[in-house]
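Undergrad: mmCIF, C-alpha atoms and all ligand atoms, saved as work.cif, coming up:
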data_my_file
#
loop_
_atom_site.label_atom_id
_atom_site.label_comp_id
_atom_site.auth_asym_id
_atom_site.auth_seq_id
_atom_site.Cartn_x
_atom_site.Cartn_y
_atom_site.Cartn_z
CA MET D 866 0.00 0.00 0.00
CA ASN D 867 1.02 3.59 -0.53
CA THR D 868 1.69 5.42 2.76
CA ALA D 869 2.81 8.73 1.21
CA LEU D 870 0.41 11.59 1.93
CA SER D 871 -1.86 12.65 -0.93
CA LYS D 872 -1.90 16.29 -2.07
CA GLU D 873 -5.22 16.78 -0.23
CA ASP D 874 -3.89 15.32 3.00
CA ARG D 875 -0.75 17.47 2.81
CA ALA D 876 -2.96 20.52 2.29
CA PHE D 877 -5.08 19.46 5.27
CA ALA D 878 -1.96 19.14 7.48
CA GLU D 879 -0.76 22.58 6.38
CA GLU D 880 -4.17 24.09 7.13
CA MET D 881 -4.05 22.62 10.64
CA ARG D 882 -0.46 23.85 11.15
CA ALA D 883 -1.57 27.37 10.20
CA PHE D 884 -4.58 27.10 12.51
CA PHE D 885 -2.49 26.14 15.55
CA ALA D 886 0.08 28.85 14.77
CA SER D 887 -2.53 31.61 14.46
CA GLU D 888 -5.17 30.64 17.04
CA MET D 889 -3.30 29.14 20.01
CA PRO D 890 -1.61 31.53 22.49
CA ALA D 891 2.01 32.12 21.40
CA GLU D 892 3.18 32.46 25.03
CA MET D 893 1.85 28.99 25.88
CA ARG D 894 3.34 27.36 22.77
CA GLU D 895 6.74 28.94 23.42
CA ARG D 896 6.72 27.96 27.09
CA LEU D 897 5.76 24.36 26.34
CA GLY D 898 8.29 24.27 23.49
CA ARG D 899 11.01 25.21 26.00
CA GLY D 900 10.08 22.12 28.03
CA GLY D 901 7.40 23.43 30.40
CA HIS D 902 4.56 21.15 31.50
CA PRO D 903 1.00 22.02 30.44
CA SER D 904 -1.00 23.35 33.37
CA ARG D 905 -4.69 22.75 33.96
CA ASP D 906 -5.35 26.23 32.51
CA ASP D 907 -3.32 25.45 29.38
CA ILE D 908 -5.44 22.36 28.71
CA VAL D 909 -8.75 24.13 29.42
CA THR D 910 -7.75 27.16 27.30
CA THR D 911 -6.78 24.89 24.41
CA MET D 912 -10.03 22.92 24.57
CA ARG D 913 -12.13 26.10 24.63
CA ILE D 914 -10.33 27.52 21.58
CA LEU D 915 -10.75 24.20 19.76
CA ASP D 916 -14.43 24.15 20.73
CA ASP D 917 -14.92 27.73 19.48
CA HIS D 918 -13.71 26.48 16.07
CA GLY D 919 -15.73 23.25 16.15
CA LEU D 920 -12.55 21.19 16.57
CA ALA D 921 -12.81 19.97 20.17
CA ALA D 922 -13.70 16.36 19.36
CA PRO D 923 -13.38 15.61 15.63
CA HIS D 924 -13.86 11.87 16.17
CA TRP D 925 -17.26 12.22 17.89
CA PRO D 926 -20.53 11.77 15.99
CA VAL D 927 -21.17 14.82 13.79
CA GLU D 928 -24.42 15.67 15.63
CA TRP D 929 -22.35 16.13 18.82
CA GLY D 930 -19.67 18.32 17.28
CA GLY D 931 -17.60 15.69 15.44
CA LYS D 932 -16.05 16.16 12.00
CA ASP D 933 -16.58 13.98 9.01
CA TRP D 934 -12.82 13.40 8.71
CA THR D 935 -10.95 10.28 7.68
CA PRO D 936 -8.91 8.46 10.37
CA LEU D 937 -5.78 9.78 8.63
CA GLN D 938 -6.99 13.38 8.89
CA ARG D 939 -7.68 12.85 12.60
CA HIS D 940 -4.16 11.54 13.00
CA LEU D 941 -2.67 14.51 11.11
CA PHE D 942 -4.69 16.91 13.26
CA ALA D 943 -3.37 15.30 16.49
CA GLU D 944 0.19 15.24 15.18
CA GLU D 945 0.19 18.88 14.07
CA MET D 946 -1.09 19.78 17.53
CA VAL D 947 1.84 18.05 19.27
CA MET D 948 4.39 19.48 16.84
CA ALA D 949 2.97 22.99 17.46
CA ASN D 950 3.53 22.53 21.23
CA VAL D 951 -0.20 22.69 21.89
CA PRO D 952 -1.35 20.42 24.75
CA SER D 953 -3.55 17.54 23.62
CA PRO D 954 -7.22 17.73 24.68
CA LEU D 955 -7.90 15.89 27.92
CA ALA D 956 -8.04 12.23 26.83
CA PHE D 957 -10.48 11.33 29.63
CA ASN D 958 -12.99 13.77 28.12
CA THR D 959 -12.64 13.51 24.37
CA ALA D 960 -11.14 10.04 23.83
CA MET D 961 -12.71 8.10 26.70
CA VAL D 962 -15.98 9.11 28.35
CA GLY D 963 -17.29 11.31 25.49
CA PRO D 964 -17.55 8.52 22.90
CA VAL D 965 -19.06 6.16 25.54
CA ILE D 966 -21.81 8.66 26.44
CA ALA D 967 -22.37 9.52 22.76
CA THR D 968 -22.82 5.82 21.91
CA PHE D 969 -24.46 4.25 24.96
CA GLY D 970 -25.77 7.19 27.04
CA SER D 971 -29.39 8.32 27.26
CA GLN D 972 -30.50 11.43 25.34
CA GLU D 973 -30.63 13.29 28.68
CA GLN D 974 -27.04 12.25 29.48
CA LYS D 975 -25.85 13.32 26.02
CA GLU D 976 -27.40 16.77 26.38
CA ARG D 977 -26.22 17.16 29.94
CA PHE D 978 -22.64 16.00 29.50
CA LEU D 979 -21.38 16.08 25.91
CA PRO D 980 -21.15 19.86 25.23
CA ALA D 981 -19.56 20.45 28.67
CA THR D 982 -17.16 17.54 28.11
CA ALA D 983 -15.99 18.81 24.71
CA ARG D 984 -15.43 22.31 26.13
CA CYS D 985 -13.80 21.04 29.33
CA ASP D 986 -16.41 22.74 31.50
CA ILE D 987 -16.33 19.32 33.16
CA TRP D 988 -12.86 17.85 33.84
CA TRP D 989 -13.26 14.05 33.87
CA SER D 990 -11.14 11.50 35.68
CA GLN D 991 -10.92 7.79 34.96
CA GLY D 992 -11.80 5.46 37.84
CA PHE D 993 -11.02 2.00 36.50
CA SER D 994 -7.89 0.66 38.31
CA GLU D 995 -7.94 -0.48 41.94
CA PRO D 996 -5.15 -1.63 44.27
CA ASN D 997 -5.71 -5.28 43.23
CA ALA D 998 -7.25 -4.73 39.80
CA GLY D 999 -4.89 -3.27 37.18
CA SER D 1000 -3.93 -5.69 34.42
CA ASP D 1001 -6.68 -7.97 35.71
CA LEU D 1002 -9.21 -5.14 35.69
CA ALA D 1003 -12.27 -7.40 35.83
CA SER D 1004 -11.31 -8.31 39.43
CA LEU D 1005 -12.39 -4.84 40.59
CA LYS D 1006 -14.17 -4.77 43.94
CA THR D 1007 -15.73 -1.31 44.27
CA THR D 1008 -19.44 -1.99 44.76
CA ALA D 1009 -22.53 -0.03 43.79
CA VAL D 1010 -25.70 -1.22 45.53
CA ARG D 1011 -29.06 0.05 44.32
CA ASP D 1012 -31.11 1.87 47.00
CA GLY D 1013 -34.29 3.40 45.57
CA ASP D 1014 -33.32 6.01 42.96
CA GLU D 1015 -29.65 5.91 43.93
CA TYR D 1016 -26.61 3.65 44.01
CA VAL D 1017 -24.50 3.51 47.16
CA VAL D 1018 -20.85 3.19 46.15
CA ASN D 1019 -18.04 1.83 48.35
CA GLY D 1020 -14.44 1.05 47.44
CA GLN D 1021 -11.14 2.50 46.27
CA LYS D 1022 -9.72 3.54 42.91
CA THR D 1023 -6.04 4.21 42.30
CA TRP D 1024 -3.59 5.81 39.82
CA THR D 1025 -6.30 8.35 39.00
CA THR D 1026 -4.44 10.69 36.67
CA LEU D 1027 -5.02 14.42 37.37
CA GLY D 1028 -7.83 13.47 39.76
CA GLN D 1029 -6.88 16.56 41.79
CA PHE D 1030 -8.55 18.61 39.02
CA GLY D 1031 -11.47 16.24 38.48
CA ASP D 1032 -15.04 17.52 38.56
CA TRP D 1033 -16.53 14.14 37.65
CA ILE D 1034 -15.17 10.60 37.51
CA PHE D 1035 -16.37 7.73 35.29
CA CYS D 1036 -16.07 4.52 37.27
CA LEU D 1037 -16.35 0.82 36.70
CA VAL D 1038 -18.26 -0.59 39.68
CA ARG D 1039 -19.51 -4.04 40.64
CA THR D 1040 -23.31 -4.21 40.61
CA ASP D 1041 -23.66 -8.00 40.69
CA SER D 1042 -21.18 -9.82 42.91
CA ALA D 1043 -22.66 -13.23 42.10
CA ALA D 1044 -22.20 -12.96 38.33
CA LYS D 1045 -19.07 -14.03 36.41
CA LYS D 1046 -16.42 -11.29 36.89
CA GLN D 1047 -16.94 -9.41 33.62
CA ARG D 1048 -20.73 -9.70 33.73
CA GLY D 1049 -21.38 -7.92 37.04
CA ILE D 1050 -19.74 -4.58 36.18
CA SER D 1051 -21.48 -1.25 35.44
CA PHE D 1052 -20.31 2.15 34.15
CA LEU D 1053 -21.25 4.96 36.54
CA LEU D 1054 -20.74 8.75 36.31
CA ILE D 1055 -19.95 10.27 39.72
CA ASP D 1056 -19.76 13.92 40.77
CA MET D 1057 -16.43 14.23 42.60
CA THR D 1058 -17.88 16.75 45.04
CA SER D 1059 -20.27 14.06 46.37
CA PRO D 1060 -20.07 13.53 50.15
CA GLY D 1061 -17.92 10.47 50.97
CA LEU D 1062 -15.55 10.86 47.98
CA THR D 1063 -11.93 11.68 48.91
CA VAL D 1064 -8.92 12.26 46.64
CA ARG D 1065 -5.43 11.59 48.02
CA PRO D 1066 -2.20 12.36 46.10
CA ILE D 1067 0.44 9.77 45.16
CA HIS D 1068 3.89 11.40 45.06
CA LEU D 1069 6.07 10.51 42.07
CA ILE D 1070 9.79 10.06 41.46
CA ASP D 1071 9.87 12.98 38.96
CA GLY D 1072 8.77 15.38 41.70
CA GLY D 1073 5.43 15.91 40.00
CA TYR D 1074 1.91 15.34 41.20
CA GLU D 1075 -0.31 13.74 38.61
CA VAL D 1076 -1.81 10.56 40.09
CA ASN D 1077 -4.11 9.95 43.04
CA GLU D 1078 -6.03 7.47 45.11
CA VAL D 1079 -9.79 7.99 45.21
CA PHE D 1080 -11.78 6.63 48.16
CA LEU D 1081 -15.54 6.11 47.94
CA ASP D 1082 -17.27 5.75 51.27
CA ASN D 1083 -21.06 5.35 51.02
CA VAL D 1084 -21.17 7.78 48.09
CA ARG D 1085 -24.77 8.19 46.92
CA VAL D 1086 -25.08 8.43 43.12
CA PRO D 1087 -28.39 9.15 41.33
CA ALA D 1088 -29.36 6.08 39.29
CA ASP D 1089 -29.80 8.20 36.15
CA GLN D 1090 -25.99 8.53 36.13
CA LEU D 1091 -25.64 4.89 35.13
CA VAL D 1092 -24.53 4.73 31.47
CA GLY D 1093 -26.38 2.19 29.34
CA GLU D 1094 -27.56 -0.96 31.06
CA GLU D 1095 -26.67 -2.28 34.47
CA ASN D 1096 -24.01 -5.05 34.34
CA GLN D 1097 -22.97 -4.14 30.78
CA GLY D 1098 -20.11 -1.86 31.87
CA TRP D 1099 -17.40 -4.26 30.71
CA SER D 1100 -18.58 -3.96 27.06
CA TYR D 1101 -18.54 -0.16 27.35
CA ALA D 1102 -15.02 -0.27 28.87
CA LYS D 1103 -13.83 -2.45 25.97
CA PHE D 1104 -15.42 -0.03 23.50
CA LEU D 1105 -13.62 2.86 25.27
CA LEU D 1106 -10.24 1.11 24.99
CA GLY D 1107 -10.88 -0.06 21.41
CA ASN D 1108 -11.43 3.50 20.20
CA GLU D 1109 -7.82 4.47 20.68
CA ARG D 1110 -6.13 2.18 18.20
CA THR D 1111 -3.22 4.37 17.23
CA ALA D 1112 -3.04 7.19 19.82
CA ASN D 1113 -0.85 5.18 22.17
CA ALA D 1114 1.91 5.01 19.55
CA SER D 1115 2.60 8.63 20.68
CA ILE D 1116 4.37 9.30 17.40
CA GLY D 1117 4.04 13.09 17.74
CA LEU D 1118 5.72 13.03 21.17
CA ILE D 1119 8.59 10.92 19.86
CA LYS D 1120 9.13 13.15 16.83
CA SER D 1121 9.10 16.34 18.86
CA ARG D 1122 11.64 14.83 21.30
CA ILE D 1123 13.91 13.85 18.37
CA LEU D 1124 13.76 17.47 17.17
CA ARG D 1125 14.77 18.61 20.64
CA ILE D 1126 17.69 16.14 20.74
CA LYS D 1127 18.94 17.60 17.45
CA ARG D 1128 18.43 21.19 18.64
CA LEU D 1129 20.26 20.66 21.94
CA GLY D 1130 22.75 18.01 20.80
CA GLY D 1131 25.58 20.39 19.80
CA THR D 1132 29.03 18.82 19.82
CA ALA D 1133 27.75 15.81 21.77
CA LEU D 1134 26.37 14.55 18.48
CA ASP D 1135 29.93 14.32 17.11
CA ASP D 1136 30.24 11.26 19.34
CA PRO D 1137 29.70 8.28 16.97
CA LEU D 1138 27.89 6.20 19.59
CA LEU D 1139 25.40 8.95 20.47
CA ARG D 1140 24.91 9.72 16.77
CA ALA D 1141 24.28 6.04 16.06
CA ARG D 1142 21.63 5.95 18.81
CA LEU D 1143 19.93 9.01 17.34
CA THR D 1144 19.97 7.49 13.85
CA ARG D 1145 18.50 4.24 15.13
CA LEU D 1146 15.80 6.16 16.99
CA GLU D 1147 14.89 8.13 13.87
CA VAL D 1148 14.75 5.01 11.70
CA GLU D 1149 12.55 3.21 14.23
CA ALA D 1150 10.29 6.24 14.66
CA THR D 1151 9.86 6.44 10.87
CA ALA D 1152 9.02 2.71 10.77
CA LEU D 1153 6.51 3.21 13.60
CA GLU D 1154 4.91 6.12 11.76
CA MET D 1155 4.58 3.99 8.62
CA SER D 1156 2.89 1.29 10.74
CA VAL D 1157 0.49 3.87 12.19
CA LEU D 1158 -0.39 5.04 8.67
CA ARG D 1159 -0.95 1.42 7.55
CA VAL D 1160 -3.28 0.76 10.50
CA LEU D 1161 -5.12 4.02 9.81
CA ALA D 1162 -5.53 3.11 6.14
CA ARG D 1163 -7.50 0.00 7.03
CA GLU D 1164 -9.23 1.51 10.07
CA ALA D 1165 -11.75 3.28 7.84
CA SER D 1166 -13.19 -0.14 6.99
CA LEU D 1167 -13.58 -1.27 10.64
CA PRO D 1168 -16.60 -0.42 12.83
CA PRO D 1169 -15.73 2.03 15.66
CA GLY D 1170 -14.84 0.62 19.05
CA VAL D 1171 -13.75 -2.81 17.83
CA PRO D 1172 -10.36 -3.63 19.39
CA ASP D 1173 -7.63 -4.15 16.81
CA PRO D 1174 -4.72 -6.28 18.10
CA THR D 1175 -2.23 -4.30 15.99
CA SER D 1176 -2.83 -1.39 18.39
CA SER D 1177 -0.90 -3.50 20.96
CA MET D 1178 2.13 -3.48 18.66
CA LEU D 1179 1.90 0.29 18.21
CA LYS D 1180 1.58 0.85 21.97
CA LEU D 1181 4.49 -1.47 22.74
CA LYS D 1182 6.88 0.06 20.20
CA GLY D 1183 5.69 3.63 20.81
CA SER D 1184 6.27 3.47 24.56
CA GLU D 1185 9.72 1.91 24.07
CA LEU D 1186 10.75 4.67 21.63
CA GLN D 1187 9.34 7.36 23.93
CA GLN D 1188 11.58 6.00 26.70
CA ASP D 1189 14.60 5.66 24.37
CA ALA D 1190 14.17 9.28 23.25
CA SER D 1191 13.97 10.65 26.80
CA GLU D 1192 17.04 8.62 27.79
CA LEU D 1193 19.04 9.82 24.78
CA LEU D 1194 18.21 13.46 25.51
CA THR D 1195 19.52 13.20 29.10
CA ASP D 1196 22.66 11.38 27.91
CA ILE D 1197 23.36 13.98 25.23
CA LEU D 1198 22.95 16.83 27.70
CA GLY D 1199 25.60 15.27 29.97
CA PRO D 1200 25.83 17.06 33.37
CA ALA D 1201 23.26 19.66 32.19
CA GLY D 1202 20.78 16.79 31.86
CA LEU D 1203 21.04 16.18 35.60
CA ALA D 1204 19.52 19.58 36.37
CA TYR D 1205 16.12 19.20 37.88
CA ARG D 1206 13.26 21.54 38.41
CA GLU D 1207 9.93 21.15 40.11
CA THR D 1208 8.29 24.23 38.62
CA ASP D 1209 8.33 25.88 35.21
CA GLU D 1210 10.43 28.72 36.67
CA VAL D 1211 14.15 28.51 35.92
CA PRO D 1212 15.88 28.32 39.34
CA ALA D 1213 18.72 30.74 40.16
CA GLY D 1214 22.04 29.50 38.79
CA PHE D 1215 20.39 27.35 36.11
CA ASP D 1216 19.87 30.12 33.56
CA ALA D 1217 23.07 29.21 31.68
CA LEU D 1218 21.61 25.82 30.73
CA PRO D 1219 20.48 25.20 27.16
CA GLU D 1220 16.77 25.89 26.70
CA GLY D 1221 14.75 22.73 27.25
CA ALA D 1222 17.39 21.04 29.44
CA LEU D 1223 15.48 21.46 32.71
CA ASP D 1224 12.71 19.27 31.43
CA ALA D 1225 14.96 16.38 30.39
CA MET D 1226 15.42 14.51 33.67
CA PRO D 1227 11.83 14.84 35.00
CA THR D 1228 10.56 13.69 31.60
CA TYR D 1229 12.98 10.74 31.64
CA PHE D 1230 11.50 9.66 34.98
CA ASN D 1231 7.94 10.52 34.03
CA TRP D 1232 7.95 8.52 30.81
CA ARG D 1233 8.78 5.31 32.68
CA LYS D 1234 4.99 5.23 33.04
CA ALA D 1235 4.48 4.75 29.31
CA SER D 1236 5.20 1.02 29.51
CA ILE D 1237 2.69 0.57 32.36
CA TYR D 1238 -0.45 2.58 31.67
CA ALA D 1239 -2.96 1.84 28.90
CA GLY D 1240 -2.18 -1.85 29.48
CA SER D 1241 1.37 -2.78 30.52
CA ASN D 1242 3.85 -3.83 27.82
CA GLU D 1243 3.96 -7.39 29.19
CA VAL D 1244 0.20 -7.59 28.74
CA GLN D 1245 0.52 -6.15 25.19
CA ARG D 1246 3.05 -8.90 24.40
CA GLU D 1247 0.54 -11.50 25.60
CA ILE D 1248 -2.17 -10.02 23.37
CA ILE D 1249 0.21 -10.03 20.39
CA ALA D 1250 1.22 -13.64 21.11
CA LYS D 1251 -2.38 -14.83 21.39
CA THR D 1252 -4.16 -12.81 18.72
CA ILE D 1253 -1.50 -12.18 16.06
CA LEU D 1254 1.08 -14.93 16.47
CA LYS D 1255 -1.66 -17.41 17.59
CA PHE D 1256 0.44 -19.03 20.34
C1 LIG D 1301 1.17 7.04 35.48
C2 LIG D 1301 -0.04 6.17 35.49
C3 LIG D 1301 -1.27 6.72 35.29
C4 LIG D 1301 -2.42 5.92 35.33
N1 LIG D 1301 -3.64 6.53 35.21
C5 LIG D 1301 -4.76 5.80 35.40
C6 LIG D 1301 -6.05 6.44 35.45
O1 LIG D 1301 -6.19 7.66 35.27
N2 LIG D 1301 -7.13 5.68 35.70
C7 LIG D 1301 -7.05 4.33 35.89
O2 LIG D 1301 -8.09 3.70 36.08
N3 LIG D 1301 -5.85 3.68 35.87
C8 LIG D 1301 -4.71 4.40 35.65
N4 LIG D 1301 -3.47 3.77 35.66
C9 LIG D 1301 -3.41 2.36 36.01
C10 LIG D 1301 -2.89 1.44 34.93
O3 LIG D 1301 -3.88 1.14 34.00
C11 LIG D 1301 -2.35 0.19 35.63
O4 LIG D 1301 -1.21 0.59 36.40
C12 LIG D 1301 -1.95 -0.89 34.69
O5 LIG D 1301 -3.08 -1.45 34.09
C13 LIG D 1301 -1.14 -2.01 35.41
O6 LIG D 1301 -1.83 -2.44 36.53
P1 LIG D 1301 -1.12 -2.53 37.98
O7 LIG D 1301 -0.42 -1.24 38.23
O8 LIG D 1301 -2.16 -2.96 38.96
O9 LIG D 1301 -0.02 -3.64 37.84
P2 LIG D 1301 -0.24 -5.27 37.83
O10 LIG D 1301 -1.42 -5.55 37.00
O11 LIG D 1301 -0.28 -5.67 39.28
O12 LIG D 1301 1.06 -5.72 37.17
C14 LIG D 1301 2.31 -5.80 37.86
C15 LIG D 1301 3.35 -6.37 36.89
O13 LIG D 1301 2.95 -7.68 36.46
C16 LIG D 1301 2.86 -7.74 35.03
N5 LIG D 1301 1.72 -8.57 34.63
C17 LIG D 1301 0.45 -8.50 35.07
N6 LIG D 1301 -0.33 -9.40 34.45
C18 LIG D 1301 0.47 -10.08 33.58
C19 LIG D 1301 0.26 -11.11 32.64
N7 LIG D 1301 -0.95 -11.66 32.48
N8 LIG D 1301 1.32 -11.53 31.92
C20 LIG D 1301 2.55 -11.00 32.07
N9 LIG D 1301 2.82 -9.99 32.95
C21 LIG D 1301 1.80 -9.54 33.69
C22 LIG D 1301 2.64 -6.30 34.59
O14 LIG D 1301 3.10 -6.09 33.28
C23 LIG D 1301 3.46 -5.52 35.61
O15 LIG D 1301 4.81 -5.51 35.21
C24 LIG D 1301 -2.30 4.54 35.57
C25 LIG D 1301 -1.04 3.96 35.75
C26 LIG D 1301 0.08 4.75 35.72
C27 LIG D 1301 1.43 4.13 35.96
#
Can I see the file as structure tokens?

TA:
Amino acid sequence: MNTALSKEDRAFAEEMRAFFASEMPAEMRERLGRGGHPSRDDIVTTMRILDDHGLAAPHWPVEWGGKDWTPLQRHLFAEEMVMANVPSPLAFNTAMVGPVIATFGSQEQKERFLPATARCDIWWSQGFSEPNAGSDLASLKTTAVRDGDEYVVNGQKTWTTLGQFGDWIFCLVRTDSAAKKQRGISFLLIDMTSPGLTVRPIHLIDGGYEVNEVFLDNVRVPADQLVGEENQGWSYAKFLLGNERTANASIGLIKSRILRIKRLGGTALDDPLLRARLTRLEVEATALEMSVLRVLAREASLPPGVPDPTSSMLKLKGSELQQDASELLTDILGPAGLAYRETDEVPAGFDALPEGALDAMPTYFNWRKASIYAGSNEVQREIIAKTILKF
């Protein structure tokens, strides 16, 4: 198959590049380009600007603000966004809960939640994992017991990314303890200001604060916040995960980190071993991008939400290259790569460092997560072995 971009697709990518350059705040793009981390405000501002231009959730149904784009155009849009140093829309909103509500939610839920979700007037968190239910998610123990017009929810969620900002959380809860594991699970939308819900931070090795534990102690949830049918939550969770076939390849992140390695490399790149690592990284990133384009080319013929095992290969390779790129950047920076900052401010005495260096070490630590979340790489290897290699 031909993976080169057509004239129309190139024109589309250029149009998007021009859009991000003209419409997104220059100060934010420059700051993030220097290695700053997107703040909550950066993400909300971005989503509101996208929403103002009808671009908040291109992959949603058209009646709820989606665009009639091809999968390749959606990919180009996401990639141009990363390359322009614009933060990606909050995945929990646009990639996860939005499509689930749009597909399985009631009309009342769609009207109540979808516009606010696209615009980030509601910041969603994902409440799937529990202390003893990560890879084996169907073992989750948080219960929701029906009591009149409400469910009473008890249990604990963990690794809740950016839960400190969450307004609402979409949770998998057990509604039938007697049923086979996967059959007794429901998908519930919970207001995070509900009495009995507590968020507690988990402190990370990179000095950042992005994950949390969420405790639910007799939290009362109106029954009309159940999505779809009771005990069908596992199918909705599989649909949610199956929608993101290529996003986890993180090709835009890898490419932008390669650009930074070249920009900051200087004389370090005269070292043949470091140069060989960079070349290998670039070749592998190009091969990954070709694979993403091949998957996208056939995705148009697949129904939405159907898991495609090749997405496991993209996630596996993408997370490995992300980690290789962050490691190479710290190695190339040498002692400057050891500098560490906990805020976006440049600390006194560090202003002689090359631009972008302060972000290198925290990102190196932070991207260790890439081989764990969205299904650990060991689990991806199992899926590849069973479904592609047929072991
Ligand atoms: C930074 C970060 C953010 C996250 N954000 C969220 C979030 O917002 N919401 C949410 O719900 N969850 C979130 N998660 C949770 C994530 O989905 C789980 O961490 C992941 O599924 C792994 O589960 P676990 O941590 O319980 O590890 P376990 O499942 O206990 O695995 C431990 C180790 O055993 C290996 N292993 C497990 N099963 C197998 C197997 N069958 N074959 C071979 N090896 C196996 C794993 O690969 C891993 O190395 C996040 C995780 C991280 C690290």

Undergrad: Please, which residues have at least one atom within 10 Å of an atom of ligand LIG 1301 (chain D), using all atoms listed in the file, listed as a compact mmCIF listing (two decimals) with C-alpha atoms, keeping the file's coordinate frame?

TA:
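Writing the result to pocket.txt gives the following:
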# COMPACT_ATOMS: atom_id res chain seq x y z
CA ALA D 956 -8.04 12.23 26.83
CA PHE D 957 -10.48 11.33 29.63
CA TRP D 989 -13.26 14.05 33.87
CA SER D 990 -11.14 11.50 35.68
CA GLN D 991 -10.92 7.79 34.96
CA GLY D 992 -11.80 5.46 37.84
CA PHE D 993 -11.02 2.00 36.50
CA SER D 994 -7.89 0.66 38.31
CA GLU D 995 -7.94 -0.48 41.94
CA PRO D 996 -5.15 -1.63 44.27
CA ASN D 997 -5.71 -5.28 43.23
CA ALA D 998 -7.25 -4.73 39.80
CA GLY D 999 -4.89 -3.27 37.18
CA SER D 1000 -3.93 -5.69 34.42
CA ASP D 1001 -6.68 -7.97 35.71
CA LEU D 1002 -9.21 -5.14 35.69
CA LYS D 1022 -9.72 3.54 42.91
CA THR D 1023 -6.04 4.21 42.30
CA TRP D 1024 -3.59 5.81 39.82
CA THR D 1025 -6.30 8.35 39.00
CA THR D 1026 -4.44 10.69 36.67
CA LEU D 1027 -5.02 14.42 37.37
CA GLY D 1028 -7.83 13.47 39.76
CA ILE D 1034 -15.17 10.60 37.51
CA PHE D 1035 -16.37 7.73 35.29
CA CYS D 1036 -16.07 4.52 37.27
CA LEU D 1037 -16.35 0.82 36.70
CA LEU D 1069 6.07 10.51 42.07
CA GLU D 1075 -0.31 13.74 38.61
CA VAL D 1076 -1.81 10.56 40.09
CA ASN D 1077 -4.11 9.95 43.04
CA GLU D 1078 -6.03 7.47 45.11
CA ASN D 1231 7.94 10.52 34.03
CA TRP D 1232 7.95 8.52 30.81
CA ARG D 1233 8.78 5.31 32.68
CA LYS D 1234 4.99 5.23 33.04
CA ALA D 1235 4.48 4.75 29.31
CA SER D 1236 5.20 1.02 29.51
CA ILE D 1237 2.69 0.57 32.36
CA TYR D 1238 -0.45 2.58 31.67
CA ALA D 1239 -2.96 1.84 28.90
CA GLY D 1240 -2.18 -1.85 29.48
CA SER D 1241 1.37 -2.78 30.52
CA ASN D 1242 3.85 -3.83 27.82
CA GLU D 1243 3.96 -7.39 29.19
CA VAL D 1244 0.20 -7.59 28.74
CA GLN D 1245 0.52 -6.15 25.19
CA ARG D 1246 3.05 -8.90 24.40
CA GLU D 1247 0.54 -11.50 25.60
CA ILE D 1248 -2.17 -10.02 23.37

Undergrad: So, counting only C-alpha atoms, which residue among D:Met1155, D:Ile1123, D:Ala1204, D:Phe1230 is closest to D:Leu1186?

TA: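 Once distances to D:Leu1186 are computed over only C-alpha atoms, the minimum belongs to D:Ile1123.
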
Undergrad: With all atoms listed in the file as the counted atoms, please give the residues lying no more than 8 Å from stretch 1126-1131 of chain D, apart from itself and same-chain residues fewer than 4 positions off, as a list in words.

TA: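 Within the cut-off, the hits are Arg1122, Asp1135, Leu1193, Leu1194, Ile1197, Leu1198, Pro1219, Glu1220 and Gly1221 of chain D.
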
Undergrad: Atoms to include: C-alpha atoms. Write the selected residues as a PDB file, in the coordinates of the input.

TA:
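Resulting contents of again.pdb:
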ATOM      1  CA  ARG D1122      11.640  14.830  21.300  1.00  0.00           C
ATOM      2  CA  ASP D1135      29.930  14.320  17.110  1.00  0.00           C
ATOM      3  CA  LEU D1193      19.040   9.820  24.780  1.00  0.00           C
ATOM      4  CA  LEU D1194      18.210  13.460  25.510  1.00  0.00           C
ATOM      5  CA  ILE D1197      23.360  13.980  25.230  1.00  0.00           C
ATOM      6  CA  LEU D1198      22.950  16.830  27.700  1.00  0.00           C
ATOM      7  CA  PRO D1219      20.480  25.200  27.160  1.00  0.00           C
ATOM      8  CA  GLU D1220      16.770  25.890  26.700  1.00  0.00           C
ATOM      9  CA  GLY D1221      14.750  22.730  27.250  1.00  0.00           C
TER      10      GLY D1221
END

Undergrad: Which is closer to D:Val1017 than all the others in D:Pro1087, D:Pro952, D:Gly1049, D:Pro1227, using only C-alpha atoms?

TA: D:Pro1087

Undergrad: Identify, on the basis of all atoms listed in the file, every residue whose closest approach to stretch 1007-1009 of chain D does not exceed 10 Å; exclude the query and any residue fewer than 5 positions from it along the same chain; express the result as an MDAnalysis selection string.

TA: chainID D and resid 993 995 1015:1022 1036:1042 1049:1051 1053 1080:1081 1083:1086

Undergrad: To one decimal in Å, tell me the separation between atom CA of D:Ala1152 and atom CA of D:Leu955.

TA: 27.5 Å

Undergrad: Do you know which residues are at most 9 Å from D:Ala921 counting all atoms listed in the file, after dropping those on the same chain fewer than 6 positions away, and could you put them as a list in words?

TA: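 Result of the neighbour search: Thr911, Met912, Arg913, Ile914, Leu915, Gly930, Gly931, Pro954, Thr959, Ala983 and Arg984 of chain D.
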
Undergrad: Can you work out the spacing between atom CA of D:Leu1181 and atom CA of D:Trp925 in Å, to one decimal?

TA: 26.2 Å

Undergrad: With all atoms listed in the file as the basis for distance, which of D:Ala891, D:Leu1005, D:Leu1118, D:Leu1161 is at the shortest distance from D:Pro936?

TA: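 Checking each candidate against D:Pro936, we get D:Leu1161 as the closest.
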
Undergrad: To one decimal place, how far is atom CA of D:Thr1151 from atom CA of D:Ser1121 in Å?

TA: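 According to the coordinates, atom CA of D:Thr1151 and atom CA of D:Ser1121 are separated by 12.7 Å.
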